[in-house]
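Printed here is final-v7.txt (compact mmCIF, C-alpha atoms):
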# COMPACT_ATOMS: atom_id res chain seq x y z
CA MET P 154 -41.54 -10.28 16.31
CA SER P 155 -39.90 -8.04 13.70
CA ALA P 156 -36.16 -7.60 13.32
CA ALA P 157 -36.51 -4.04 14.67
CA GLU P 158 -38.30 -5.34 17.77
CA ARG P 159 -35.66 -8.03 18.19
CA ILE P 160 -32.90 -5.40 18.08
CA ALA P 161 -34.77 -3.19 20.56
CA GLY P 162 -35.08 -6.10 22.97
CA LEU P 163 -31.41 -7.02 22.82
CA ILE P 164 -29.51 -3.73 22.46
CA ARG P 165 -27.59 -2.29 25.41
CA ALA P 166 -27.12 1.45 25.86
CA ILE P 167 -23.71 2.14 27.44
CA PRO P 168 -23.30 5.70 28.79
CA ASP P 169 -20.05 7.63 28.41
CA PHE P 170 -18.45 5.24 25.91
CA PRO P 171 -16.10 5.75 24.12
CA ARG P 172 -15.98 9.21 25.72
CA PRO P 173 -18.05 11.21 28.22
CA GLY P 174 -21.39 12.35 26.85
CA VAL P 175 -21.75 9.57 24.26
CA LEU P 176 -24.51 6.98 24.73
CA PHE P 177 -23.08 3.94 22.90
CA GLN P 178 -25.61 1.59 21.32
CA ASP P 179 -24.11 -1.89 21.81
CA LEU P 180 -25.39 -4.44 19.31
CA THR P 181 -23.11 -7.29 20.41
CA PRO P 182 -26.07 -9.06 22.12
CA VAL P 183 -27.73 -9.24 18.68
CA LEU P 184 -24.59 -10.88 17.30
CA ALA P 185 -24.57 -13.39 20.17
CA ASP P 186 -28.15 -14.53 19.46
CA GLY P 187 -28.10 -16.79 16.38
CA ALA P 188 -31.79 -16.43 15.54
CA ALA P 189 -31.63 -12.66 15.93
CA LEU P 190 -28.53 -12.43 13.74
CA ILE P 191 -30.22 -14.36 10.94
CA GLU P 192 -33.34 -12.22 11.21
CA VAL P 193 -31.36 -8.97 11.15
CA ALA P 194 -29.16 -10.18 8.25
CA ASP P 195 -32.29 -10.93 6.22
CA ALA P 196 -33.76 -7.52 7.09
CA LEU P 197 -30.53 -5.78 6.03
CA LEU P 198 -30.79 -7.45 2.61
CA ALA P 199 -34.53 -7.30 1.93
CA PRO P 200 -34.81 -3.87 0.23
CA PHE P 201 -31.85 -4.63 -2.04
CA ALA P 202 -32.65 -8.22 -3.11
CA GLY P 203 -31.31 -8.90 -6.60
CA GLY P 204 -29.66 -5.48 -6.79
CA PHE P 205 -26.12 -6.22 -5.65
CA ASP P 206 -23.20 -8.50 -6.46
CA LEU P 207 -21.10 -8.11 -3.31
CA VAL P 208 -21.63 -7.12 0.32
CA ALA P 209 -19.09 -4.81 1.95
CA GLY P 210 -18.66 -4.62 5.72
CA VAL P 211 -17.19 -1.64 7.52
CA GLU P 212 -14.70 -2.28 10.34
CA ALA P 213 -15.32 -3.54 12.89
CA ARG P 214 -18.82 -4.56 13.97
CA GLY P 215 -20.03 -4.04 10.41
CA PHE P 216 -17.92 -7.08 9.46
CA ALA P 217 -20.14 -9.35 11.55
CA PHE P 218 -23.43 -8.06 10.14
CA ALA P 219 -22.08 -7.93 6.58
CA GLY P 220 -20.64 -11.44 6.86
CA ALA P 221 -23.98 -12.83 7.98
CA ALA P 222 -25.77 -10.90 5.22
CA ALA P 223 -23.31 -12.08 2.55
CA VAL P 224 -23.80 -15.72 3.57
CA ARG P 225 -27.59 -15.34 3.56
CA ALA P 226 -27.40 -13.73 0.07
CA GLY P 227 -24.85 -16.17 -1.32
CA ALA P 228 -22.64 -13.19 -2.16
CA GLY P 229 -18.98 -12.39 -1.67
CA LEU P 230 -17.77 -10.19 1.18
CA LEU P 231 -15.54 -7.13 0.88
CA LEU P 232 -13.76 -5.77 3.94
CA ILE P 233 -13.52 -2.01 4.31
CA ARG P 234 -10.83 -1.63 6.95
CA LYS P 235 -9.09 1.06 8.94
CA GLY P 236 -5.93 2.40 7.31
CA GLY P 237 -2.85 0.16 7.24
CA LYS P 238 -4.65 -3.13 8.01
CA LEU P 239 -4.89 -4.64 4.51
CA PRO P 240 -1.95 -6.17 2.66
CA GLY P 241 -1.51 -5.54 -1.04
CA ALA P 242 -2.71 -2.71 -3.23
CA THR P 243 -5.42 -0.61 -1.61
CA ARG P 244 -7.35 2.57 -2.19
CA GLY P 245 -8.08 4.76 0.81
CA VAL P 246 -10.09 7.75 1.90
CA ASP P 247 -9.65 10.00 4.93
CA TYR P 248 -12.75 11.23 6.72
CA GLU P 249 -14.01 13.11 9.78
CA LEU P 250 -15.54 11.35 12.78
CA GLU P 251 -17.62 12.86 15.55
CA TYR P 252 -14.44 13.01 17.62
CA GLY P 253 -11.47 12.94 15.24
CA ARG P 254 -10.22 11.79 11.84
CA ASP P 255 -9.77 8.31 10.43
CA ARG P 256 -9.01 6.44 7.21
CA LEU P 257 -10.73 3.56 5.46
CA GLU P 258 -9.13 1.30 2.85
CA LEU P 259 -10.28 -1.37 0.40
CA HIS P 260 -8.36 -3.87 -1.74
CA LEU P 261 -8.32 -2.60 -5.32
CA ASP P 262 -8.52 -6.03 -6.95
CA GLN P 263 -11.69 -7.14 -5.18
CA VAL P 264 -14.13 -4.65 -6.69
CA PRO P 265 -14.90 -5.58 -10.30
CA PRO P 266 -15.48 -2.59 -12.61
CA GLY P 267 -19.12 -1.61 -12.23
CA GLY P 268 -19.69 -4.24 -9.53
CA ARG P 269 -22.78 -3.48 -7.45
CA VAL P 270 -21.83 -3.29 -3.78
CA LEU P 271 -24.22 -3.24 -0.84
CA ILE P 272 -22.46 -1.57 2.11
CA VAL P 273 -23.48 -2.88 5.55
CA ASP P 274 -22.63 -1.47 8.97
CA ASP P 275 -23.94 -1.83 12.50
CA VAL P 276 -24.93 1.73 13.45
CA LEU P 277 -25.53 4.97 11.55
CA ALA P 278 -24.86 8.09 13.63
CA THR P 279 -23.51 11.16 11.80
CA GLY P 280 -22.90 9.25 8.58
CA GLY P 281 -19.18 10.01 8.23
CA THR P 282 -18.03 6.40 8.13
CA LEU P 283 -20.70 5.25 5.66
CA ALA P 284 -20.13 8.30 3.44
CA ALA P 285 -16.40 7.48 3.36
CA ALA P 286 -17.14 3.81 2.60
CA ALA P 287 -19.42 4.79 -0.30
CA THR P 288 -16.81 7.21 -1.66
CA LEU P 289 -14.23 4.42 -1.45
CA VAL P 290 -16.40 1.92 -3.38
CA ASP P 291 -17.05 4.55 -6.06
CA ALA P 292 -13.33 5.38 -6.31
CA ALA P 293 -12.47 1.68 -6.64
CA GLY P 294 -14.70 1.41 -9.72
CA GLY P 295 -17.72 -0.17 -8.06
CA ARG P 296 -21.27 1.10 -7.83
CA VAL P 297 -22.93 1.53 -4.47
CA ALA P 298 -26.14 -0.51 -4.63
CA GLY P 299 -27.26 0.81 -1.24
CA LEU P 300 -26.38 1.28 2.39
CA SER P 301 -27.93 -0.91 5.07
CA VAL P 302 -27.51 -0.60 8.84
CA ALA P 303 -28.90 -2.52 11.77
CA LEU P 304 -29.57 0.64 13.81
CA GLU P 305 -29.95 4.31 12.91
CA ILE P 306 -29.61 6.87 15.68
CA ASP P 307 -32.07 9.68 14.98
CA GLY P 308 -31.17 13.34 15.28
CA LEU P 309 -27.47 13.10 14.39
CA GLY P 310 -27.78 13.97 10.68
CA GLY P 311 -26.59 10.69 9.21
CA ARG P 312 -29.61 10.13 6.98
CA GLU P 313 -29.37 13.66 5.59
CA ARG P 314 -25.65 13.30 4.92
CA LEU P 315 -26.30 10.11 2.91
CA ALA P 316 -29.28 11.42 0.92
CA GLY P 317 -29.53 9.80 -2.50
CA ARG P 318 -27.45 6.75 -1.50
CA GLY P 319 -30.34 4.32 -0.90
CA LEU P 320 -30.18 4.07 2.87
CA HIS P 321 -32.07 1.38 4.83
CA ALA P 322 -32.12 1.01 8.61
CA VAL P 323 -33.58 -2.08 10.24
CA ALA P 324 -34.25 -0.24 13.52
CA ARG P 325 -34.07 3.33 14.86
CA ALA P 326 -33.26 4.80 18.22
Could you express the structure from this file as structure tokens?
Amino acid sequence: MSAAERIAGLIRAIPDFPRPGVLFQDLTPVLADGAALIEVADALLAPFAGGFDLVAGVEARGFAFAGAAAVRAGAGLLLIRKGGKLPGATRGVDYELEYGRDRLELHLDQVPPGGRVLIVDDVLATGGTLAAAATLVDAAGGRVAGLSVALEIDGLGGRERLAGRGLHAVARA
């Protein structure tokens, strides 16, 4: 069974969450299955093997997938968090969501100049969060080595928005 098939067999679609009209793709069952998590972590890394120094996870579910991927790669983990959650010196970027605005931040001292960063998240929808994360890594002096997600939701424009950024999706819905 491939990682994409494993995701398809475990994912839960939750209607009207977090607001009416949204069909939320819940990947927490993948996280709860140890074998599936290892398989997905390896699939997130495969296209970028040898091409990154650090793995960055985007709050919140992206932390879990990025943490597993970083351990499998033997790489360090960067946390890209919502605004105001990191102590110390940070760099931030504001961005548009499907249903509002938000802010992401990153510790300035954890991205070495020119460091190659693989950004990992759970789901790609419209691409706003991943675009902001990539902008943040660039602004912090790193180089985005690629973007890798467990699930891409087709038809929402995320792939187009991230064109040229080296996007990989393990599974699609």
Q: Excluding Gly236 (chain P) and residues on its chain fewer than 4 positions from it, collect all residues at most 8 Å away from it, counting only C-alpha atoms, and give them as a list in words.
A: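 What passes the distance filter is Gly245, Asp255, Arg256, Leu257 and Glu258 of chain P.
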Q | Given only C-alpha atoms as the counted atoms, nearest of P:Ala242, P:Ile167, P:Val276, P:Ala284 to Ala303 (chain P) | A |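 When distances to Ala303 (chain P) are compared using only C-alpha atoms, the smallest one comes from P:Val276.
By only C-alpha atoms, and with residues fewer than 3 positions from region 169-186 of chain P along its chain excluded, the set lying at most 10 Å from it is Arg159, Ile160, Ala161, Gly162, Leu163, Ile164, Arg165, Ala166, Ala189, Leu190, Ile191, Glu192, Val193, Arg214, Ala217, Phe218, Ala221, Tyr252, Asp275, Val276, Ala303, Leu304, Glu305, Ile306 and Ala326 of chain P.
Candidate residues P:Gly215, P:Val302, P:Arg296, P:Gly210 were compared for distance to Leu259 (chain P), and the nearest is P:Gly210, using all atoms listed in the file.
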Q. CA of Pro240 (chain P) to CA of Leu197 (chain P): how many Å, to one decimal?
A. 28.8 Å
